[in-house]
$ cat structure-v2.tsv   # TSV, C-alpha atoms and all ligand atoms
chain	number	residue	atom	x	y	z
A	1	MET	CA	171.02	77.04	55.75
A	2	LYS	CA	169.44	73.73	54.78
A	3	LYS	CA	171.75	73.58	51.77
A	4	LEU	CA	174.76	74.09	54.00
A	5	ILE	CA	173.76	71.31	56.37
A	6	LEU	CA	173.18	68.91	53.49
A	7	SER	CA	176.49	69.64	51.85
A	8	ALA	CA	178.34	69.42	55.17
A	9	ALA	CA	176.89	65.92	55.58
A	10	LEU	CA	178.39	64.95	52.24
A	11	LEU	CA	181.81	66.10	53.28
A	12	LEU	CA	181.98	63.60	56.13
A	13	PRO	CA	184.20	60.68	55.18
A	14	SER	CA	182.13	57.53	55.02
A	15	ALA	CA	183.34	54.28	56.57
A	16	ALA	CA	182.25	52.44	53.44
A	17	PHE	CA	184.88	54.30	51.44
A	18	ALA	CA	187.68	54.30	53.99
A	19	GLN	CA	190.62	53.84	51.65
A	20	PRO	CA	192.15	57.02	50.22
A	21	SER	CA	190.58	57.95	46.92
A	22	SER	CA	193.47	60.10	45.68
A	23	HIS	CA	197.07	60.74	46.65
A	24	VAL	CA	196.88	64.43	45.76
A	25	ALA	CA	196.63	66.66	48.86
A	26	TRP	CA	196.00	70.34	48.29
A	27	THR	CA	198.73	71.91	50.40
A	28	ALA	CA	199.88	75.47	49.66
A	29	ASP	CA	203.06	74.07	48.04
A	30	GLN	CA	201.06	71.75	45.81
A	31	LEU	CA	198.78	74.63	44.72
A	32	ASN	CA	201.72	76.90	43.94
A	33	PHE	CA	203.45	74.13	42.01
A	34	VAL	CA	200.46	73.68	39.68
A	35	LYS	CA	199.89	77.44	39.33
A	36	ALA	CA	203.53	77.90	38.26
A	37	GLY	CA	203.14	75.45	35.34
A	38	ASN	CA	204.68	76.66	32.07
A	39	PRO	CA	201.98	77.09	29.39
A	40	GLN	CA	204.50	77.22	26.50
A	41	LYS	CA	205.89	73.82	27.46
A	42	GLY	CA	202.31	72.62	28.01
A	43	GLU	CA	201.37	73.62	24.48
A	44	GLU	CA	204.27	71.58	23.05
A	45	LEU	CA	203.36	68.52	25.14
A	46	ALA	CA	199.67	68.86	24.24
A	47	LYS	CA	200.43	67.76	20.67
A	48	THR	CA	200.42	64.18	21.98
A	49	CYS	CA	196.89	64.71	23.33
A	50	SER	CA	195.28	66.30	20.29
A	51	ALA	CA	194.19	63.09	18.52
A	52	CYS	CA	191.64	62.55	21.30
A	53	HIS	CA	191.20	65.86	23.12
A	54	GLY	CA	191.42	68.14	20.05
A	55	GLU	CA	194.12	70.63	19.11
A	56	LYS	CA	192.99	73.20	21.65
A	57	GLY	CA	191.37	70.88	24.15
A	58	ILE	CA	187.91	70.69	22.57
A	59	SER	CA	187.54	67.00	21.99
A	60	ALA	CA	186.68	65.56	18.62
A	61	SER	CA	184.47	62.77	19.91
A	62	ALA	CA	181.73	62.74	22.53
A	63	ALA	CA	183.51	59.82	24.20
A	64	PHE	CA	186.46	62.04	25.19
A	65	PRO	CA	186.15	64.90	27.66
A	66	SER	CA	187.03	68.41	26.55
A	67	LEU	CA	189.83	69.90	28.62
A	68	ALA	CA	189.75	73.53	27.40
A	69	GLY	CA	188.94	76.04	30.14
A	70	GLN	CA	188.90	73.39	32.88
A	71	LEU	CA	190.43	74.25	36.28
A	72	PRO	CA	194.19	73.49	36.06
A	73	THR	CA	194.18	72.05	39.60
A	74	TYR	CA	191.39	69.61	38.64
A	75	LEU	CA	193.25	68.55	35.45
A	76	TYR	CA	196.51	68.09	37.36
A	77	LYS	CA	194.78	65.94	39.99
A	78	GLN	CA	193.22	63.71	37.34
A	79	LEU	CA	196.60	63.15	35.65
A	80	GLN	CA	198.16	62.15	38.99
A	81	ASP	CA	195.17	59.90	39.75
A	82	TYR	CA	195.55	58.09	36.38
A	83	ALA	CA	199.31	57.77	36.89
A	84	ASP	CA	199.08	56.17	40.36
A	85	GLY	CA	196.00	54.03	39.64
A	86	SER	CA	193.49	56.03	41.73
A	87	ARG	CA	191.52	56.47	38.48
A	88	ASP	CA	191.67	53.79	35.78
A	89	ASN	CA	191.26	54.12	32.05
A	90	ALA	CA	192.78	52.02	29.30
A	91	MET	CA	193.68	55.08	27.23
A	92	MET	CA	194.82	57.45	29.99
A	93	SER	CA	196.55	55.34	32.64
A	94	GLY	CA	199.63	54.29	30.63
A	95	LEU	CA	200.00	57.71	29.07
A	96	ALA	CA	199.77	59.56	32.41
A	97	LYS	CA	202.60	57.39	33.80
A	98	THR	CA	204.94	58.76	31.12
A	99	LEU	CA	204.39	62.37	32.26
A	100	SER	CA	206.50	63.96	35.01
A	101	LYS	CA	204.71	66.05	37.64
A	102	GLN	CA	206.16	69.12	35.91
A	103	ASP	CA	204.74	67.96	32.53
A	104	ALA	CA	201.33	67.49	34.18
A	105	ALA	CA	201.41	71.01	35.66
A	106	ASP	CA	202.50	72.51	32.31
A	107	LEU	CA	199.71	70.68	30.45
A	108	ALA	CA	197.10	71.59	33.08
A	109	VAL	CA	197.92	75.30	32.91
A	110	TRP	CA	197.89	75.34	29.10
A	111	PHE	CA	194.60	73.44	28.70
A	112	GLY	CA	193.04	75.54	31.47
A	113	SER	CA	193.91	78.75	29.60
A	114	GLN	CA	192.22	77.68	26.34
A	115	ALA	CA	188.77	78.98	25.32
A	116	PRO	CA	186.21	76.50	26.65
A	117	ALA	CA	184.02	74.22	24.58
A	118	PHE	CA	180.45	75.03	23.81
A	119	GLN	CA	178.62	72.21	22.11
A	120	SER	CA	175.16	73.34	21.23
A	121	ARG	CA	172.81	76.25	21.35
A	122	THR	CA	169.63	74.20	21.27
A	123	VAL	CA	167.33	75.49	23.98
A	124	MET	CA	165.90	72.44	25.69
A	125	VAL	CA	164.32	71.92	29.04
A	126	TYR	CA	165.50	69.01	31.12
A	127	GLU	CA	163.14	69.18	34.05
A	128	LYS	CA	164.54	66.37	36.18
A	129	ALA	CA	168.09	67.60	35.66
A	130	GLU	CA	167.21	71.21	36.35
A	131	LYS	CA	165.53	70.27	39.62
A	132	LEU	CA	168.58	68.30	40.77
A	133	VAL	CA	170.96	71.08	39.76
A	134	LYS	CA	169.01	73.90	41.40
A	135	SER	CA	167.15	72.26	44.30
A	136	GLY	CA	168.67	68.82	44.91
A	137	SER	CA	166.37	66.26	46.47
A	138	SER	CA	165.32	66.41	50.11
A	139	GLU	CA	163.98	62.80	50.07
A	140	ARG	CA	167.42	61.59	49.00
A	141	VAL	CA	169.29	64.13	51.15
A	142	LEU	CA	170.96	65.43	47.99
A	143	PRO	CA	172.34	68.96	47.86
A	144	PRO	CA	171.83	70.83	44.59
A	145	CYS	CA	174.68	70.19	42.13
A	146	GLU	CA	175.15	73.96	41.91
A	147	VAL	CA	176.19	74.21	45.57
A	148	CYS	CA	179.49	72.68	44.48
A	149	HIS	CA	179.68	73.02	40.67
A	150	GLY	CA	178.30	76.59	40.60
A	151	GLY	CA	175.08	77.96	39.10
A	152	ASP	CA	176.69	78.26	35.69
A	153	GLY	CA	178.56	74.95	35.92
A	154	LYS	CA	181.91	76.73	35.98
A	155	GLY	CA	183.31	74.69	38.87
A	156	GLN	CA	185.14	75.96	41.93
A	157	ALA	CA	188.59	75.94	43.40
A	158	VAL	CA	190.33	73.66	44.06
A	159	ASP	CA	189.05	70.34	42.80
A	160	ILE	CA	185.44	70.82	41.66
A	161	PRO	CA	185.44	70.63	37.86
A	162	ALA	CA	183.59	72.82	35.38
A	163	LEU	CA	180.78	70.89	33.68
A	164	SER	CA	179.33	73.53	31.34
A	165	GLY	CA	179.98	72.78	27.68
A	166	GLN	CA	181.34	69.30	28.49
A	167	ASN	CA	180.22	66.42	26.23
A	168	ALA	CA	176.92	64.95	27.40
A	169	ASP	CA	178.04	61.37	26.67
A	170	TYR	CA	181.20	61.81	28.72
A	171	ILE	CA	179.29	63.37	31.66
A	172	SER	CA	176.80	60.48	31.68
A	173	ALA	CA	179.53	57.85	31.36
A	174	THR	CA	181.57	59.27	34.21
A	175	LEU	CA	178.46	59.66	36.45
A	176	LYS	CA	177.68	55.98	35.79
A	177	ALA	CA	181.27	55.13	36.71
A	178	PHE	CA	180.92	57.03	40.01
A	179	LYS	CA	177.60	55.23	40.56
A	180	ASP	CA	179.01	51.71	40.11
A	181	GLY	CA	182.31	52.59	41.81
A	182	THR	CA	184.57	52.04	38.77
A	183	ARG	CA	185.52	55.72	39.21
A	184	ARG	CA	186.49	56.23	42.82
A	185	ASN	CA	189.02	59.08	42.87
A	186	ASP	CA	186.66	61.69	44.38
A	187	ILE	CA	188.02	62.80	47.74
A	188	TYR	CA	185.50	62.12	50.57
A	189	SER	CA	183.38	60.10	48.08
A	190	ARG	CA	181.55	63.35	47.31
A	191	MET	CA	180.43	62.22	43.84
A	192	ARG	CA	179.96	58.49	44.54
A	193	ILE	CA	177.48	59.19	47.34
A	194	ILE	CA	175.46	61.43	45.02
A	195	ALA	CA	175.68	59.29	41.87
A	196	GLN	CA	174.49	56.18	43.72
A	197	THR	CA	171.09	57.82	44.17
A	198	LEU	CA	170.64	58.95	40.55
A	199	THR	CA	168.53	57.02	38.03
A	200	ASP	CA	169.82	56.34	34.51
A	201	GLU	CA	167.28	58.80	33.14
A	202	GLU	CA	168.48	61.55	35.48
A	203	ILE	CA	172.10	60.80	34.57
A	204	SER	CA	171.34	61.11	30.88
A	205	GLU	CA	169.41	64.40	31.34
A	206	LEU	CA	172.18	65.85	33.53
A	207	GLY	CA	174.67	65.25	30.71
A	208	TYR	CA	172.59	67.23	28.21
A	209	TYR	CA	171.73	69.91	30.75
A	210	TYR	CA	175.38	70.72	31.40
A	211	GLN	CA	176.47	70.31	27.77
A	212	ASN	CA	174.02	73.04	26.83
A	213	ILE	CA	175.25	75.62	29.34
A	214	LYS	CA	177.66	78.10	27.80
A	215	LYS	CA	180.88	78.33	29.82
J	1	LIG	C1	193.87	57.77	22.85
J	1	LIG	C2	193.03	58.87	23.27
J	1	LIG	C3	193.58	59.82	24.34
J	1	LIG	C4	194.79	60.51	24.34
J	1	LIG	C5	195.90	60.48	23.29
J	1	LIG	C6	194.77	61.34	25.52
J	1	LIG	N1	193.60	61.15	26.22
J	1	LIG	FE1	193.08	62.06	27.97
J	1	LIG	N2	191.34	61.01	28.01
J	1	LIG	C7	190.94	60.06	27.07
J	1	LIG	C8	189.72	59.43	27.52
J	1	LIG	C9	188.94	58.33	26.80
J	1	LIG	C10	189.37	60.04	28.75
J	1	LIG	C11	188.18	59.70	29.68
J	1	LIG	C12	188.63	58.52	30.50
J	1	LIG	C13	187.80	58.19	31.69
J	1	LIG	O1	186.58	58.10	31.56
J	1	LIG	O2	188.39	58.08	32.78
J	1	LIG	C14	190.41	61.01	29.03
J	1	LIG	C15	190.45	61.81	30.17
J	1	LIG	C16	191.41	62.76	30.44
J	1	LIG	C17	191.40	63.63	31.60
J	1	LIG	C18	190.32	63.69	32.66
J	1	LIG	C19	189.33	64.78	32.28
J	1	LIG	C20	188.17	64.95	33.22
J	1	LIG	O3	187.30	65.79	32.90
J	1	LIG	O4	188.13	64.31	34.27
J	1	LIG	C21	192.52	64.42	31.51
J	1	LIG	C22	192.95	65.49	32.48
J	1	LIG	C23	193.23	64.02	30.31
J	1	LIG	N3	192.53	63.01	29.68
J	1	LIG	C24	194.41	64.60	29.88
J	1	LIG	C25	195.13	64.18	28.76
J	1	LIG	C26	196.41	64.72	28.37
J	1	LIG	C27	197.11	65.87	29.09
J	1	LIG	C28	196.82	64.04	27.26
J	1	LIG	C29	198.12	64.20	26.49
J	1	LIG	C30	199.34	64.14	27.27
J	1	LIG	C31	195.77	63.07	26.95
J	1	LIG	N4	194.77	63.18	27.89
J	1	LIG	C32	195.80	62.20	25.88
J	1	LIG	C33	191.61	59.76	25.90
J	1	LIG	C34	192.85	60.22	25.53
J	2	LIG	C1	179.61	68.19	47.67
J	2	LIG	C2	180.06	68.81	46.44
J	2	LIG	C3	179.51	68.25	45.13
J	2	LIG	C4	178.20	68.16	44.75
J	2	LIG	C5	176.95	68.56	45.53
J	2	LIG	C6	178.20	67.65	43.39
J	2	LIG	N1	179.49	67.43	42.98
J	2	LIG	FE1	180.08	66.67	41.17
J	2	LIG	N2	182.03	66.71	41.76
J	2	LIG	C7	182.48	67.13	43.00
J	2	LIG	C8	183.91	66.95	43.08
J	2	LIG	C9	184.81	67.30	44.25
J	2	LIG	C10	184.32	66.37	41.84
J	2	LIG	C11	185.74	65.99	41.42
J	2	LIG	C12	186.06	64.55	41.79
J	2	LIG	C13	187.50	64.20	41.46
J	2	LIG	O1	188.40	64.71	42.12
J	2	LIG	O2	187.72	63.43	40.53
J	2	LIG	C14	183.10	66.23	41.04
J	2	LIG	C15	183.08	65.69	39.76
J	2	LIG	C16	181.95	65.61	38.97
J	2	LIG	C17	181.93	65.12	37.61
J	2	LIG	C18	183.12	64.65	36.80
J	2	LIG	C19	183.54	65.72	35.80
J	2	LIG	C20	184.66	65.30	34.89
J	2	LIG	O3	185.15	66.16	34.14
J	2	LIG	O4	185.05	64.13	34.89
J	2	LIG	C21	180.62	65.19	37.19
J	2	LIG	C22	180.08	64.81	35.83
J	2	LIG	C23	179.83	65.72	38.28
J	2	LIG	N3	180.66	65.96	39.35
J	2	LIG	C24	178.46	65.94	38.23
J	2	LIG	C25	177.67	66.35	39.32
J	2	LIG	C26	176.23	66.42	39.30
J	2	LIG	C27	175.37	66.15	38.08
J	2	LIG	C28	175.83	66.80	40.55
J	2	LIG	C29	174.42	66.94	41.09
J	2	LIG	C30	173.53	65.78	40.89
J	2	LIG	C31	177.04	66.98	41.35
J	2	LIG	N4	178.14	66.69	40.56
J	2	LIG	C32	177.06	67.40	42.66
J	2	LIG	C33	181.72	67.69	43.99
J	2	LIG	C34	180.32	67.77	44.01

$ encode --input "structure-v2.tsv" --output "structure tokens"
Amino acid sequence: MKKLILSAALLLPSAAFAQPSSHVAWTADQLNFVKAGNPQKGEELAKTCSACHGEKGISASAAFPSLAGQLPTYLYKQLQDYADGSRDNAMMSGLAKTLSKQDAADLAVWFGSQAPAFQSRTVMVYEKAEKLVKSGSSERVLPPCEVCHGGDGKGQAVDIPALSGQNADYISATLKAFKDGTRRNDIYSRMRIIAQTLTDEEISELGYYYQNIKK
């Protein structure tokens, strides 16, 4: 019950972040459009992504996120956010503008259907991260990460991404970007509110914690 109250509090739009954070609205039509993406066409288009995200969506460098096995709806939203400026990145923004909405849906469905990344089998304990993931922090009114991202980090429909197997460096970098507001495309500021309370040490541990979970 406590968990539910805490996460409900996070869903309330905050006056500090009044402007819309994304132009994607998850209507039934929008969902069906993404679901109907054509994976064969997506596979063709994905050749232009492979230099950074790997041939099958498992990225070659820790600086680039892996896309394999990610929720197609999450991937589609990110591509729209880059294209309309809701999310900025020197490498992605220009490229996303060249894709039609249909291209984005085709790519999202193909990458989502690929076998997910799994970086490392090292068994390590990240105590601070584990506590945040499983229990949150009552002093900071933080719900556990797993309330939204799932106990196994697999994400949840519609827009909560999978984190398991993702590159630790990318996870930390994007958490820092939510923390300082350079990434601001999370609807209802759900991640910015959380990231603002995290220390750099916790952010770094959280990256390794999720990288080491098998998807
Ligand atoms: C030159 C390298 C490069 C190329 C080519 C590239 N990307 Fe990216 N991509 C990146 C980087 C770097 C990021 C992380 C940017 C950030 O932090 O916002 C990223 C992020 C993404 C994300 C967000 C992932 C997440 O977990 O939030 C998606 C989706 C994506 N790229 C899709 C694509 C697709 C589809 C293509 C091909 C059409 C492509 N990218 C081509 C470098 C690249
Ligand atoms: C209230 C629900 C909620 C909680 C709790 C939550 N998240 Fe998120 N998280 C989201 C949503 C929604 C997004 C997608 C934002 C967007 O649309 O870009 C997200 C995105 C992310 C991303 C970006 C992934 C990518 O591929 O770019 C990371 C990393 C992340 N969350 C980590 C965490 C961590 C670590 C915690 C716990 C400290 C946490 N989240 C708790 C809802 C939540």

$ closest_atom_pairs --input "structure-v2.tsv" --of "chain A" --to "ligand LIG 2 (chain J)" --cutoff "8 Å" --atoms "all atoms listed in the file" --output "tab-separated table"
residue	atom	partner	partner_atom	distance
A:Ser7	CA	J:LIG2	C1	5.4
A:Ala8	CA	J:LIG2	C1	7.7
A:Leu10	CA	J:LIG2	C1	5.7
A:Leu11	CA	J:LIG2	C1	6.4
A:Ser22	CA	J:LIG2	O1	7.7
A:Pro65	CA	J:LIG2	O3	6.7
A:Tyr74	CA	J:LIG2	O1	6.7
A:Lys77	CA	J:LIG2	O1	6.8
A:Gln78	CA	J:LIG2	O2	6.4
A:Ala129	CA	J:LIG2	C30	7.8
A:Leu132	CA	J:LIG2	C30	5.6
A:Val133	CA	J:LIG2	C29	5.6
A:Gly136	CA	J:LIG2	C30	7.0
A:Leu142	CA	J:LIG2	C5	7.2
A:Pro143	CA	J:LIG2	C5	5.2
A:Pro144	CA	J:LIG2	C5	5.7
A:Cys145	CA	J:LIG2	C29	3.4
A:Glu146	CA	J:LIG2	C5	6.7
A:Val147	CA	J:LIG2	C5	5.7
A:Cys148	CA	J:LIG2	C2	4.4
A:His149	CA	J:LIG2	N1	6.1
A:Asp159	CA	J:LIG2	C9	5.4
A:Ile160	CA	J:LIG2	C8	4.4
A:Pro161	CA	J:LIG2	C19	5.7
A:Ala162	CA	J:LIG2	O3	7.0
A:Leu163	CA	J:LIG2	C19	6.2
A:Gln166	CA	J:LIG2	O3	7.5
A:Tyr170	CA	J:LIG2	O4	7.6
A:Ile171	CA	J:LIG2	C22	4.5
A:Ser172	CA	J:LIG2	C22	6.8
A:Thr174	CA	J:LIG2	C22	6.0
A:Leu175	CA	J:LIG2	C22	5.4
A:Arg184	CA	J:LIG2	O2	7.7
A:Asn185	CA	J:LIG2	O2	5.1
A:Asp186	CA	J:LIG2	C12	3.9
A:Ile187	CA	J:LIG2	O1	5.9
A:Arg190	CA	J:LIG2	C1	5.2
A:Met191	CA	J:LIG2	N2	5.2
A:Ile194	CA	J:LIG2	C30	6.3
A:Ala195	CA	J:LIG2	C30	6.9
A:Leu198	CA	J:LIG2	C30	7.4
A:Ile203	CA	J:LIG2	C27	7.2
A:Leu206	CA	J:LIG2	C27	5.6
A:Gly207	CA	J:LIG2	C27	7.5

$ closest_residue --input "structure-v2.tsv" --among "A:Val141, A:Ala28, A:Leu75, A:Ile213" --to "Ser164 of chain A" --atoms "all atoms listed in the file"
A:Ile213

$ residues_around --input "structure-v2.tsv" --residues "Ser100 of chain A" --least-positions-apart "6" --cutoff "10 Å" --atoms "all atoms listed in the file" --output "VMD selection string"
chain A and resid 79 to 80 83 106

$ residues_near_ligand --input "structure-v2.tsv" --ligand "ligand LIG 1 (chain J)" --cutoff "7 Å" --atoms "only C-alpha atoms and all ligand atoms" --output "list in words"
Leu45, Ala46, Thr48, Cys49, Ser50, Ala51, Cys52, His53, Ala63, Phe64, Pro65, Ser66, Leu67, Leu75, Tyr76, Gln78, Leu79, Arg87, Asp88, Asn89, Met91, Met92, Leu95, Ala96, Ala104, Leu107, Ala108 and Thr174 of chain A

$ closest_residue --input "structure-v2.tsv" --among "A:Val109, A:Leu99, A:Val125, A:Ala173" --to "Glu43 of chain A" --atoms "all atoms listed in the file"
A:Val109

$ residues_around --input "structure-v2.tsv" --residues "Trp110 of chain A" --least-positions-apart "4" --cutoff "9 Å" --atoms "only C-alpha atoms" --output "PyMOL selection string"
chain A and resi 37-43+46+68+72+105-106+114

$ build_atoms --input "structure-v2.tsv" --residues "segment 31-41 of chain A" --atoms "all heavy atoms" --output "compact mmCIF listing (two decimals), in the frame of the given file"
# COMPACT_ATOMS: atom_id res chain seq x y z
N LEU A 31 199.52 73.63 45.50
CA LEU A 31 198.78 74.63 44.72
C LEU A 31 199.73 75.52 43.93
O LEU A 31 199.53 75.77 42.74
CB LEU A 31 197.95 75.51 45.65
CG LEU A 31 196.61 74.97 46.09
CD1 LEU A 31 196.00 75.90 47.14
CD2 LEU A 31 195.68 74.88 44.89
N ASN A 32 200.77 76.00 44.61
CA ASN A 32 201.72 76.90 43.94
C ASN A 32 202.46 76.20 42.82
O ASN A 32 202.74 76.78 41.78
CB ASN A 32 202.72 77.47 44.96
CG ASN A 32 202.03 78.45 45.89
OD1 ASN A 32 201.04 79.07 45.51
ND2 ASN A 32 202.53 78.59 47.11
N PHE A 33 202.75 74.90 43.04
CA PHE A 33 203.45 74.13 42.01
C PHE A 33 202.61 74.07 40.73
O PHE A 33 203.10 74.31 39.62
CB PHE A 33 203.73 72.71 42.54
CG PHE A 33 204.37 71.82 41.53
CD1 PHE A 33 205.71 71.98 41.18
CD2 PHE A 33 203.64 70.82 40.89
CE1 PHE A 33 206.31 71.16 40.23
CE2 PHE A 33 204.23 70.00 39.94
CZ PHE A 33 205.56 70.17 39.60
N VAL A 34 201.32 73.78 40.88
CA VAL A 34 200.46 73.68 39.68
C VAL A 34 200.31 75.06 39.03
O VAL A 34 200.44 75.20 37.82
CB VAL A 34 199.07 73.09 40.04
CG1 VAL A 34 198.16 73.07 38.81
CG2 VAL A 34 199.22 71.69 40.61
N LYS A 35 200.08 76.08 39.86
CA LYS A 35 199.89 77.44 39.33
C LYS A 35 201.10 77.89 38.52
O LYS A 35 200.97 78.65 37.56
CB LYS A 35 199.69 78.42 40.50
CG LYS A 35 198.26 78.88 40.62
CD LYS A 35 198.19 80.08 41.55
CE LYS A 35 197.32 79.78 42.74
NZ LYS A 35 197.55 80.67 43.87
N ALA A 36 202.30 77.46 38.92
CA ALA A 36 203.53 77.90 38.26
C ALA A 36 203.85 77.08 37.01
O ALA A 36 204.92 77.23 36.43
CB ALA A 36 204.69 77.83 39.26
N GLY A 37 202.92 76.22 36.56
CA GLY A 37 203.14 75.45 35.34
C GLY A 37 203.45 76.37 34.16
O GLY A 37 202.98 77.51 34.13
N ASN A 38 204.25 75.85 33.21
CA ASN A 38 204.68 76.66 32.07
C ASN A 38 203.79 76.37 30.85
O ASN A 38 203.87 75.30 30.25
CB ASN A 38 206.15 76.32 31.78
CG ASN A 38 206.70 77.09 30.59
OD1 ASN A 38 205.97 77.48 29.69
ND2 ASN A 38 208.01 77.30 30.61
N PRO A 39 202.93 77.34 30.47
CA PRO A 39 201.98 77.09 29.39
C PRO A 39 202.65 76.85 28.02
O PRO A 39 202.12 76.09 27.21
CB PRO A 39 201.11 78.35 29.35
CG PRO A 39 201.84 79.39 30.13
CD PRO A 39 202.77 78.68 31.07
N GLN A 40 203.83 77.46 27.79
CA GLN A 40 204.50 77.22 26.50
C GLN A 40 204.92 75.76 26.39
O GLN A 40 204.73 75.12 25.36
CB GLN A 40 205.74 78.11 26.34
CG GLN A 40 205.44 79.55 25.94
CD GLN A 40 205.01 80.39 27.14
OE1 GLN A 40 205.54 80.23 28.25
NE2 GLN A 40 204.05 81.27 26.93
N LYS A 41 205.49 75.24 27.49
CA LYS A 41 205.89 73.82 27.46
C LYS A 41 204.65 72.94 27.37
O LYS A 41 204.64 71.92 26.69
CB LYS A 41 206.72 73.48 28.71
CG LYS A 41 208.10 74.10 28.63
CD LYS A 41 208.96 73.69 29.79
CE LYS A 41 209.54 72.29 29.59
NZ LYS A 41 210.30 71.87 30.79
